[in-house]
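Structure record follows, encoded as structure tokens.
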Amino acid sequence: MTVVRFAPSPTGRLHVGNARTALVTWLHGRKRAGTCILRFDDTDTNRSSEAYVDAIRDDLAWLGLDWDQEQRQSARVDRYADTIERLKSSGRIYPCYESEEELALKRASLLSRGLPPLYDRAALSLSASERQAFEAEGRSPHWRFRLEPTPIAWTDLVRGPISFSGADLSDPVVIREDGSPLYHICSVIDDIDMGVTDVVRGEDHVSNTATHIQMFEALDAPIPRFAHLALLSAADGQGLSKRGGSMSLGDLRDDEGIEPAALRSLLARIGTSDPVEPVEDIDALVATFDFARFGRATARFDIAELLRINARIVHGMSFERARDGLIAAGLPEADEAFWAAVRPNISRIKEAGEWWAIAKEPIEPVIEDEEFAHAAAELLPPEPWTAQTWAQWTGAIKEATGRKGKSLFMPLRMALTGRQHGPELAELLVLIGRDRTLDRLSGRRA
Ligand code: GLU
């Protein structure tokens, strides 16, 4: 049985990179008919907020991802304390008294000698009386997990065989000076308790994983499989920063008018060997999901590509699916005929508003040849109108005036819409209706 988890820290809105991790985690879990857990990594109480927890839940729901369980690290602090006590008493977690400044100096000194900035484990050799002296000075310790200097290896579902040596890594800090546990140890304890079998996260966690593997071992727990997704970069070469905010899901949805299906289609495929194509149905993405398709190279996220996919999703979208978006765009009266007429001409649902205004609200018609417009008005068939009315009408105009092709259609388009391009006039004409058409042909704002 596969168990996966997506573990956001509620310290900001979800950005495109997080959303990709969430989607891929979820697709893998669903493909294997497993359990999908949403876990909020909210032990950093200064930076986490309830508002972000809600926003992340909403963004994930908007993306179409549902979860079998929701967990909160903040609700599990007692659970962590037990395990931490065990690790402390076995000496696997040890107290350190260096201040931030002292650690920064040590790092700078190593770097200046061209050495990796590894923690020197000075605290490990402190005698009991040296510790007491620090405590007497009023220092409280932070705690590190002691890594064994042994090889650490795993076969990553995305990156293939990976190996580290414990000797090349810094002992990770797992408890803050105020006694609160940090991400690394909480995450490992959670993954054990929740039976997580497959950990999917960004490539930035690869070296963390090496240290986590030793924690799993120290706790006699089975080691999950790992999948580290290559990072995303923006098409302009900038990384996708979480706090930059410009690529948050909220912005994509509210400002850019992106459909969840479009974002899913792109995020499920970028960085894979499969082409990006619009896939409306999330189950179809589940069916084709396979880690073997993912590459190790940084994947490029291009907003222009997302907009192209969005347009294709909109062009194929049924009225039923578009309805909520039309209401959100302030078009509660938009009906199926309107949607069918405009959807090929828009790339986001909210652009339908422009065509609604042209069909139903006063516009300035453009009349270049009054005589022609007058002749066309005279030939306008009586209502009720159907999809055939346009052909009937323009057939009659052609016969009466001898005009055809562009010289026939363009003046009519300009008179009826005030623009050179737009949806099929056969459909638009019916939406505009006879009274307004007559007004517009006579050059009146209508
Ligand atoms: N909260 C961590 C993050 O957002 C989770 C990483 C993980 O999946 O373990 O990076």
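Here, A, B, ... name the chains of the structure tokens in the order displayed, residue numbers run from 1 inside each chain, and ligands are numbered from 1 in the same displayed order.
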List all protein, DNA and RNA residues that have an atom no more than 9 Å from any atom of ligand 1, counting only C-alpha atoms and all ligand atoms, and report them as a list in words.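 So, counting only C-alpha atoms and all ligand atoms, the residues near ligand 1 are Arg5, Phe6, Ala7, Pro8, Ser9, Pro10, Asn18, Thr21, Arg39, Phe40, Asp41, Asp42, Tyr183, His184, Ser187, Val188, Asp191, Val199, Val200, Arg201, Gly202, Asp204, His205, Asn208 and Thr209 of chain A.
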File dump, residues just selected, N, CA, C and O atoms, as an mmCIF file, in the first residue's frame:
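Contents of the output file again24.cif:
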```
data_model
loop_
_atom_site.group_PDB
_atom_site.id
_atom_site.type_symbol
_atom_site.label_atom_id
_atom_site.label_comp_id
_atom_site.auth_asym_id
_atom_site.auth_seq_id
_atom_site.Cartn_x
_atom_site.Cartn_y
_atom_site.Cartn_z
ATOM 1 N N ARG A 5 2.753 11.917 1.019
ATOM 2 C CA ARG A 5 2.332 13.139 1.703
ATOM 3 C C ARG A 5 2.878 14.351 0.998
ATOM 4 O O ARG A 5 3.972 14.335 0.449
ATOM 5 N N PHE A 6 2.073 15.402 0.987
ATOM 6 C CA PHE A 6 2.548 16.708 0.531
ATOM 7 C C PHE A 6 2.627 17.557 1.793
ATOM 8 O O PHE A 6 1.672 17.612 2.563
ATOM 9 N N ALA A 7 3.796 18.180 2.014
ATOM 10 C CA ALA A 7 4.059 18.777 3.327
ATOM 11 C C ALA A 7 4.442 20.259 3.236
ATOM 12 O O ALA A 7 5.591 20.620 3.451
ATOM 13 N N PRO A 8 3.492 21.113 2.906
ATOM 14 C CA PRO A 8 3.833 22.534 2.803
ATOM 15 C C PRO A 8 4.041 23.177 4.174
ATOM 16 O O PRO A 8 3.445 22.747 5.151
ATOM 17 N N SER A 9 4.903 24.180 4.204
ATOM 18 C CA SER A 9 5.018 25.013 5.398
ATOM 19 C C SER A 9 4.077 26.192 5.182
ATOM 20 O O SER A 9 4.197 26.882 4.172
ATOM 21 N N PRO A 10 3.149 26.427 6.101
ATOM 22 C CA PRO A 10 2.173 27.506 5.862
ATOM 23 C C PRO A 10 2.755 28.881 6.172
ATOM 24 O O PRO A 10 2.284 29.598 7.051
ATOM 25 N N ASN A 18 5.651 24.674 -5.591
ATOM 26 C CA ASN A 18 4.973 23.836 -4.584
ATOM 27 C C ASN A 18 3.809 23.086 -5.216
ATOM 28 O O ASN A 18 3.538 21.928 -4.893
ATOM 29 N N THR A 21 4.951 20.052 -6.917
ATOM 30 C CA THR A 21 5.246 18.964 -5.977
ATOM 31 C C THR A 21 3.939 18.339 -5.475
ATOM 32 O O THR A 21 3.813 17.115 -5.397
ATOM 33 N N ARG A 39 0.033 17.356 4.853
ATOM 34 C CA ARG A 39 0.642 17.585 6.167
ATOM 35 C C ARG A 39 1.175 19.009 6.246
ATOM 36 O O ARG A 39 2.013 19.393 5.436
ATOM 37 N N PHE A 40 0.684 19.761 7.192
ATOM 38 C CA PHE A 40 1.194 21.129 7.359
ATOM 39 C C PHE A 40 2.398 21.102 8.278
ATOM 40 O O PHE A 40 2.300 20.690 9.428
ATOM 41 N N ASP A 41 3.541 21.534 7.753
ATOM 42 C CA ASP A 41 4.771 21.627 8.544
ATOM 43 C C ASP A 41 4.764 22.985 9.244
ATOM 44 O O ASP A 41 5.353 23.955 8.766
ATOM 45 N N ASP A 42 4.070 23.038 10.370
ATOM 46 C CA ASP A 42 3.813 24.336 10.999
ATOM 47 C C ASP A 42 4.431 24.436 12.386
ATOM 48 O O ASP A 42 3.849 25.036 13.291
ATOM 49 N N TYR A 183 12.084 20.953 11.585
ATOM 50 C CA TYR A 183 11.566 20.171 10.462
ATOM 51 C C TYR A 183 12.159 18.765 10.318
ATOM 52 O O TYR A 183 11.409 17.788 10.191
ATOM 53 N N HIS A 184 13.500 18.646 10.317
ATOM 54 C CA HIS A 184 14.097 17.349 9.971
ATOM 55 C C HIS A 184 13.564 16.211 10.832
ATOM 56 O O HIS A 184 13.120 15.184 10.323
ATOM 57 N N SER A 187 9.726 15.691 10.538
ATOM 58 C CA SER A 187 9.339 15.089 9.274
ATOM 59 C C SER A 187 9.593 13.576 9.296
ATOM 60 O O SER A 187 8.750 12.779 8.852
ATOM 61 N N VAL A 188 10.743 13.185 9.842
ATOM 62 C CA VAL A 188 11.061 11.757 9.878
ATOM 63 C C VAL A 188 10.089 11.025 10.822
ATOM 64 O O VAL A 188 9.561 9.962 10.474
ATOM 65 N N ASP A 191 6.802 10.753 9.032
ATOM 66 C CA ASP A 191 6.820 9.779 7.942
ATOM 67 C C ASP A 191 6.759 8.352 8.496
ATOM 68 O O ASP A 191 6.104 7.480 7.925
ATOM 69 N N VAL A 199 8.331 9.422 -0.452
ATOM 70 C CA VAL A 199 8.500 10.846 -0.154
ATOM 71 C C VAL A 199 8.836 11.568 -1.461
ATOM 72 O O VAL A 199 9.858 11.272 -2.081
ATOM 73 N N VAL A 200 7.946 12.460 -1.855
ATOM 74 C CA VAL A 200 8.161 13.226 -3.085
ATOM 75 C C VAL A 200 8.408 14.673 -2.678
ATOM 76 O O VAL A 200 7.606 15.252 -1.946
ATOM 77 N N ARG A 201 9.516 15.232 -3.098
ATOM 78 C CA ARG A 201 9.773 16.642 -2.789
ATOM 79 C C ARG A 201 10.817 17.186 -3.748
ATOM 80 O O ARG A 201 11.283 16.482 -4.641
ATOM 81 N N GLY A 202 11.157 18.443 -3.545
ATOM 82 C CA GLY A 202 12.065 19.113 -4.490
ATOM 83 C C GLY A 202 13.501 18.666 -4.294
ATOM 84 O O GLY A 202 13.918 18.217 -3.224
ATOM 85 N N ASP A 204 15.959 20.357 -3.851
ATOM 86 C CA ASP A 204 16.665 21.094 -2.791
ATOM 87 C C ASP A 204 16.727 20.285 -1.499
ATOM 88 O O ASP A 204 17.447 20.658 -0.579
ATOM 89 N N HIS A 205 15.974 19.184 -1.429
ATOM 90 C CA HIS A 205 15.989 18.365 -0.213
ATOM 91 C C HIS A 205 16.910 17.148 -0.309
ATOM 92 O O HIS A 205 16.945 16.340 0.613
ATOM 93 N N ASN A 208 19.238 16.781 2.571
ATOM 94 C CA ASN A 208 18.446 16.496 3.777
ATOM 95 C C ASN A 208 18.088 15.013 3.834
ATOM 96 O O ASN A 208 18.120 14.384 4.893
ATOM 97 N N THR A 209 17.729 14.487 2.672
ATOM 98 C CA THR A 209 17.311 13.083 2.632
ATOM 99 C C THR A 209 18.423 12.168 3.154
ATOM 100 O O THR A 209 18.162 11.212 3.886
#
```
Would you write out, as a Markdown table, a table of all residues in range 87-196 of chain A that have an atom no more than 9 Å from an atom of range 228-231 of chain A, listing for each the closest atom pair and the distance in Å to one decimal, considering only C-alpha atoms and ordering rows by chain and rising residue number?
```
| residue | atom | partner | partner_atom | distance |
| --- | --- | --- | --- | --- |
| A:Asp156 | CA | A:His228 | CA | 7.0 |
| A:Leu157 | CA | A:His228 | CA | 7.4 |
| A:Val158 | CA | A:His228 | CA | 6.0 |
| A:Arg159 | CA | A:His228 | CA | 6.8 |
```
Could you write out the selected residues, including C-alpha atoms, as a compact mmCIF listing (two decimals), in the first residue's frame?
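File part26.txt, as written:
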```txt
# COMPACT_ATOMS: atom_id res chain seq x y z
CA ASP A 156 15.80 7.91 -6.29
CA LEU A 157 12.62 7.48 -8.33
CA VAL A 158 13.61 10.53 -10.39
CA ARG A 159 17.37 10.90 -10.02
```
Residues flagged strand (DSSP E) by DSSP in range 124-255 of chain A, as a VMD selection string: chain A and resid 142 to 145 151 to 156 160 to 165 173 to 175 198 to 202 225 to 229 232 to 234
Could you name the residues that touch range 290-294 of chain A at 6 Å or less, counting only C-alpha atoms, but leaving out those on the same chain fewer than 5 positions away, as a list of chain:residue names?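 The contact residues come out as A:Gly271, A:Thr272, A:Ser273.
The shell of residues at most 10 Å from Met414 in chain A, with only C-alpha atoms counted and near chain neighbours (fewer than 3 positions) removed, consists of Glu364, Pro365, Val366, Ile367, Glu368, Phe409, Met410, Pro411, Thr417, Gly418, Arg419, Gln420, His421, Arg440 and Leu441 of chain A.
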Met247 in chain A surroundings by only C-alpha atoms, 7 Å radius, close-in-sequence under 2 positions cut, as a PyMOL selection string: chain A and resi 15-16+245+249+251-252
Export, as a compact mmCIF listing (two decimals), in the first residue's frame, the selected residues with C-alpha atoms.
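Written output follows (selection.txt):
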```
# COMPACT_ATOMS: atom_id res chain seq x y z
CA HIS A 15 3.65 29.00 -5.69
CA VAL A 16 3.96 27.12 -8.92
CA GLY A 245 4.65 35.94 -4.93
CA LEU A 249 -1.49 30.09 -7.53
CA ASP A 251 -2.28 35.29 -8.77
CA LEU A 252 -2.45 32.81 -11.63
```
With a distance cut-off of 9 Å and only C-alpha atoms, select the neighbouring residues of Gln214 in chain A, excluding the residue or stretch itself and same-chain residues fewer than 3 positions from it, and output the selection as a ChimeraX atom specification. /A:147-148,152,166,209-211,217-219
Mind giving me the straight-line distance from CA of Glu101 in chain A to CA of Ser140 in chain A in Å, one decimal? 15.0 Å
Skipping near chain neighbours, those fewer than 6 positions away, what residues fall within 9 Å of Leu65 in chain A using only C-alpha atoms, listed as an NGL selection string? :A and (22-23 or 26-27)
Per-residue DSSP, range 156-373 of chain A, filtered to helix (DSSP H, G or I), as number ranges by chain: A: 166-168, 183-193, 203-218, 249-254, 260-269, 282-288, 291-293, 303-315, 319-328, 336-345, 349-360, 370-373
Would you compute the distance between CA of Phe301 in chain A and CA of Ile258 in chain A? Give it in Å to one decimal. 14.3 Å
What gap, in Å, lies between CA of Thr43 in chain A and CA of Gly179 in chain A? 11.6 Å
Between A:Arg403, A:Arg30, A:Arg269, A:Arg146, single out the one closest to Cys96 in chain A, counting only C-alpha atoms.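 Of all the options, A:Arg146 lies closest to Cys96 in chain A.
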Using only C-alpha atoms, pick whichever of A:Gly295, A:Trp62, A:Asp302, A:Leu331 has the shortest atom-to-atom distance to Asp254 in chain A. A:Trp62
